[in-house]
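Enquirer: The file below is protein-v2.txt, compact mmCIF, C-alpha atoms:
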# COMPACT_ATOMS: atom_id res chain seq x y z
CA MET A 1 -39.63 24.75 -90.86
CA LEU A 2 -40.68 22.13 -88.33
CA VAL A 3 -38.91 19.38 -90.27
CA TRP A 4 -35.89 21.51 -91.08
CA LEU A 5 -35.35 23.12 -87.65
CA GLY A 6 -37.28 20.83 -85.33
CA PRO A 7 -40.38 21.74 -83.35
CA THR A 8 -38.86 24.13 -80.82
CA ARG A 9 -36.71 26.16 -83.21
CA GLY A 10 -39.33 26.03 -85.98
CA ILE A 11 -42.07 27.48 -83.81
CA PHE A 12 -39.64 30.06 -82.41
CA LEU A 13 -38.73 31.17 -85.96
CA ASN A 14 -42.42 31.35 -86.84
CA ALA A 15 -43.04 33.57 -83.80
CA CYS A 16 -40.09 35.79 -84.83
CA TYR A 17 -41.89 36.62 -88.09
CA TYR A 18 -44.38 38.64 -86.04
CA LEU A 19 -41.77 40.52 -84.00
CA PRO A 20 -41.28 43.42 -86.50
CA VAL A 21 -45.04 44.03 -86.67
CA ILE A 22 -45.37 43.95 -82.89
CA LEU A 23 -42.50 46.41 -82.50
CA TRP A 24 -43.93 48.66 -85.19
CA LEU A 25 -47.36 48.64 -83.51
CA ALA A 26 -45.80 49.43 -80.14
CA PHE A 27 -44.31 52.66 -81.48
CA PHE A 28 -46.99 53.59 -84.04
CA HIS A 29 -49.13 56.50 -82.96
CA TYR A 30 -52.50 56.68 -84.65
CA SER A 31 -54.56 59.79 -84.41
CA ARG A 32 -57.73 60.81 -86.12
CA GLU A 33 -57.02 63.58 -88.55
CA THR A 34 -60.58 64.91 -88.51
CA ALA A 35 -61.20 64.81 -84.78
CA GLY A 36 -57.71 65.88 -83.82
CA ARG A 37 -57.51 63.55 -80.83
CA SER A 38 -55.90 60.25 -80.04
CA ALA A 39 -57.87 57.20 -81.20
CA VAL A 40 -58.04 55.48 -77.81
CA LYS A 41 -57.34 57.31 -74.57
CA GLY A 42 -57.97 54.51 -72.14
CA LEU A 43 -60.32 51.93 -70.74
CA ALA A 44 -63.23 54.37 -70.82
CA ASP A 45 -62.98 54.57 -74.62
CA VAL A 46 -62.90 50.78 -74.89
CA LEU A 47 -65.99 50.45 -72.68
CA GLY A 48 -67.75 53.17 -74.67
CA THR A 49 -67.01 51.30 -77.89
CA LEU A 50 -68.40 48.08 -76.39
CA ARG A 51 -71.59 49.93 -75.42
CA GLU A 52 -71.91 51.29 -78.97
CA ILE A 53 -71.38 47.84 -80.48
CA ALA A 54 -73.91 46.23 -78.11
CA ALA A 55 -76.59 48.47 -79.61
CA ARG A 56 -75.96 46.96 -83.07
CA PRO A 57 -77.07 43.30 -83.14
CA ALA A 58 -75.54 42.59 -86.57
CA ILE A 59 -72.05 43.46 -85.32
CA VAL A 60 -72.51 41.36 -82.19
CA THR A 61 -73.82 38.43 -84.25
CA MET A 62 -70.90 38.56 -86.70
CA THR A 63 -68.37 38.82 -83.86
CA VAL A 64 -69.88 35.82 -82.08
CA LEU A 65 -70.01 33.88 -85.37
CA ALA A 66 -66.34 34.61 -86.10
CA ALA A 67 -65.34 33.67 -82.56
CA ALA A 68 -67.35 30.44 -82.65
CA ALA A 69 -65.94 29.42 -86.04
CA SER A 70 -62.44 30.14 -84.83
CA GLY A 71 -62.86 28.43 -81.49
CA PHE A 72 -64.83 25.35 -82.47
CA ILE A 73 -63.73 24.69 -86.05
CA GLY A 74 -60.72 26.79 -86.99
CA ASN A 75 -58.42 25.61 -84.24
CA SER A 76 -58.82 21.93 -85.14
CA TYR A 77 -59.67 21.97 -88.83
CA GLN A 78 -56.14 22.40 -90.17
CA ALA A 79 -54.61 20.35 -87.36
CA GLN A 80 -56.74 17.31 -88.24
CA MET A 81 -56.06 17.45 -91.98
CA PRO A 82 -52.93 15.22 -91.80
CA ASN A 83 -54.98 12.59 -89.92
CA PHE A 84 -57.67 12.75 -92.59
CA ALA A 85 -54.97 12.22 -95.23
CA VAL A 86 -53.59 9.19 -93.34
CA ASP A 87 -57.06 7.76 -92.66
CA LEU A 88 -58.00 8.05 -96.32
CA GLY A 89 -54.95 5.88 -97.08
CA HIS A 90 -53.66 7.74 -100.09
CA GLY A 91 -49.96 6.86 -100.20
CA ASN A 92 -47.71 9.60 -98.86
CA PRO A 93 -49.58 11.47 -96.09
CA GLY A 94 -47.54 14.64 -96.69
CA ALA A 95 -48.54 14.80 -100.34
CA ALA A 96 -52.15 13.85 -99.55
CA TYR A 97 -52.32 16.57 -96.90
CA SER A 98 -50.86 19.13 -99.31
CA MET A 99 -53.40 18.18 -101.97
CA LEU A 100 -56.27 18.53 -99.46
CA LEU A 101 -55.01 21.99 -98.50
CA ALA A 102 -54.62 22.92 -102.18
CA ALA A 103 -58.18 21.75 -102.90
CA ASP A 104 -59.46 23.81 -99.98
CA ALA A 105 -57.59 26.88 -101.23
CA ALA A 106 -58.70 26.34 -104.84
CA GLY A 107 -62.33 26.13 -103.74
CA ALA A 108 -62.01 29.30 -101.67
CA LEU A 109 -60.30 31.15 -104.52
CA THR A 110 -62.92 30.02 -107.01
CA ALA A 111 -65.73 31.10 -104.69
CA GLY A 112 -64.05 34.48 -104.21
CA PHE A 113 -63.78 35.02 -107.96
CA LEU A 114 -67.38 33.93 -108.54
CA LEU A 115 -68.70 36.16 -105.77
CA GLU A 116 -66.80 39.15 -107.12
CA THR A 117 -67.83 38.43 -110.69
CA PHE A 118 -71.51 37.65 -110.24
CA GLY A 119 -72.28 38.94 -106.75
CA GLY A 120 -75.75 37.88 -105.82
CA LEU A 121 -75.29 37.23 -102.08
CA GLN A 122 -77.00 39.70 -99.82
CA THR A 123 -74.66 41.09 -97.18
CA ALA A 124 -76.56 40.35 -93.99
CA ALA A 125 -76.11 38.54 -90.72
CA ARG A 126 -78.67 35.91 -91.77
CA THR A 127 -76.70 35.13 -94.95
CA ALA A 128 -73.47 34.77 -92.98
CA LEU A 129 -75.11 32.45 -90.45
CA LEU A 130 -76.62 30.29 -93.20
CA LEU A 131 -73.27 30.05 -94.98
CA ALA A 132 -71.54 29.14 -91.71
CA MET A 133 -74.08 26.36 -91.12
CA GLY A 134 -73.52 25.16 -94.69
CA TRP A 135 -69.77 25.15 -94.07
CA CYS A 136 -70.25 23.06 -90.91
CA CYS A 137 -72.39 20.56 -92.84
CA ALA A 138 -69.81 20.42 -95.64
CA LEU A 139 -67.08 19.68 -93.08
CA ALA A 140 -69.21 16.93 -91.53
CA VAL A 141 -69.72 15.31 -94.94
CA PHE A 142 -66.00 15.63 -95.70
CA ALA A 143 -65.15 13.88 -92.44
CA SER A 144 -67.47 10.99 -93.30
CA ILE A 145 -66.12 10.31 -96.81
CA ALA A 146 -64.01 7.14 -96.90
CA SER A 147 -62.32 7.50 -100.31
CA TYR A 148 -59.58 9.97 -101.20
CA PRO A 149 -60.64 11.23 -104.69
CA PRO A 150 -64.20 12.21 -103.65
CA SER A 151 -62.86 13.77 -100.46
CA LEU A 152 -60.47 15.88 -102.53
CA LEU A 153 -63.34 17.19 -104.65
CA TRP A 154 -65.53 17.72 -101.60
CA GLN A 155 -62.71 19.62 -99.89
CA ALA A 156 -62.73 22.11 -102.76
CA GLY A 157 -66.44 22.63 -102.15
CA THR A 158 -65.80 23.05 -98.44
CA GLY A 159 -63.23 25.74 -99.20
CA ALA A 160 -65.76 27.46 -101.43
CA MET A 161 -68.36 27.45 -98.63
CA TYR A 162 -65.79 28.88 -96.23
CA ALA A 163 -64.86 31.69 -98.63
CA ALA A 164 -68.48 32.56 -99.33
In structure tokens, write the structure found in this file.

Expert:
Amino acid sequence: MLVWLGPTRGIFLNACYYLPVILWLAFFHYSRETAGRSAVKGLADVLGTLREIAARPAIVTMTVLAAAASGFIGNSYQAQMPNFAVDLGHGNPGAAYSMLLAADAAGALTAGFLLETFGGLQTAARTALLLAMGWCCALAVFASIASYPPSLLWQAGTGAMYAA
């Protein structure tokens, strides 16, 4: 879209994709069937929920982990992929970038299938933190690889770590 419409119109069109959902959410009224009351009545309910969550360290840990991954890695990871493709010097940067994204997605999909098929990972905050640290290390190794074919294979492994 950015190439076809230009940056301003392309980003505007991308933002317009979310408009129907935003409008639907603005007029959607959710109520709990069992309790018979509105889900959120105001700021007091939000503060009460925050107090409830604060008493559960696993929820707080997972929320902080997701926020940190999003803030420190997620916002720059995809944006730097075209530069990695150019730096690795593999011909057409657009094709190289697409192949890196495809390898990342293939690794994530493979990890998802393997986790669903064999299971084996304990669902716990410690496991999530260890996998997040592994993902960070995998990204650091990917950034240090100087050749395109090994980086493509490593990117698939990075995607698998992210999915796990």

Enquirer: In Å, how far is it from atom CA of A:Gly159 to atom CA of A:Thr117?

Expert: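 Taking atom CA of A:Gly159 as the start and atom CA of A:Thr117 as the end point, the length is 17.7 Å.
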
Enquirer: As an MDAnalysis selection string, please: the residues near A:Val141 (cut-off 9 Å, all atoms listed in the file, same-chain neighbours under 4 positions excluded).

Expert: chainID A and resid 136:137 145 151 154

Enquirer: Between atom CA of A:Ile73 and atom CA of A:Tyr97, measure the distance and give it in Å to one decimal.

Expert: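 Between atom CA of A:Ile73 and atom CA of A:Tyr97 the gap is 17.7 Å.
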
Enquirer: I'd like the interatomic distance between atom CA of A:Leu130 and atom CA of A:Leu115, to a tenth of an Å.

Expert: 16.0 Å

Enquirer: Taking all atoms listed in the file into account, which of A:Leu65, A:Ile11, A:Leu2, A:Leu88 comes nearest A:Arg126?

Expert: A:Leu65

Enquirer: A:Met81, A:Val86, A:Leu13, A:Met133: which is nearest A:Gln155, counting all atoms listed in the file?

Expert: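 Smallest distance to A:Gln155 is found for A:Met81.
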
Enquirer: With distances taken over all atoms listed in the file, which of A:Leu131, A:Ala138, A:Leu109, A:Met99 is nearest to A:Leu152?

Expert: A:Met99

Enquirer: To box stretch 79-82 of chain A, take all atoms listed in the file, fit an axis-aligned box, add 8 Å on each side, and give centre and edge lengths in Å to one decimal, as AutoDock Vina command-line options.

Expert:
--center_x -54.8 --center_y 17.8 --center_z -89.7 --size_x 19.8 --size_y 21.1 --size_z 20.6

Enquirer: Looking at A:Ala54, A:Leu139, A:Leu153, A:Leu25, which one is nearest to A:Gln80, with distances taken over only C-alpha atoms?

Expert: A:Leu139

Enquirer: Leaving out A:Ala69 and any residue of its chain fewer than 2 positions from it, which residues lie within 12 Å of it when counting only C-alpha atoms, given as a ChimeraX atom specification?

Expert: /A:62-67,71-77,128-129,131-133,135-136,162
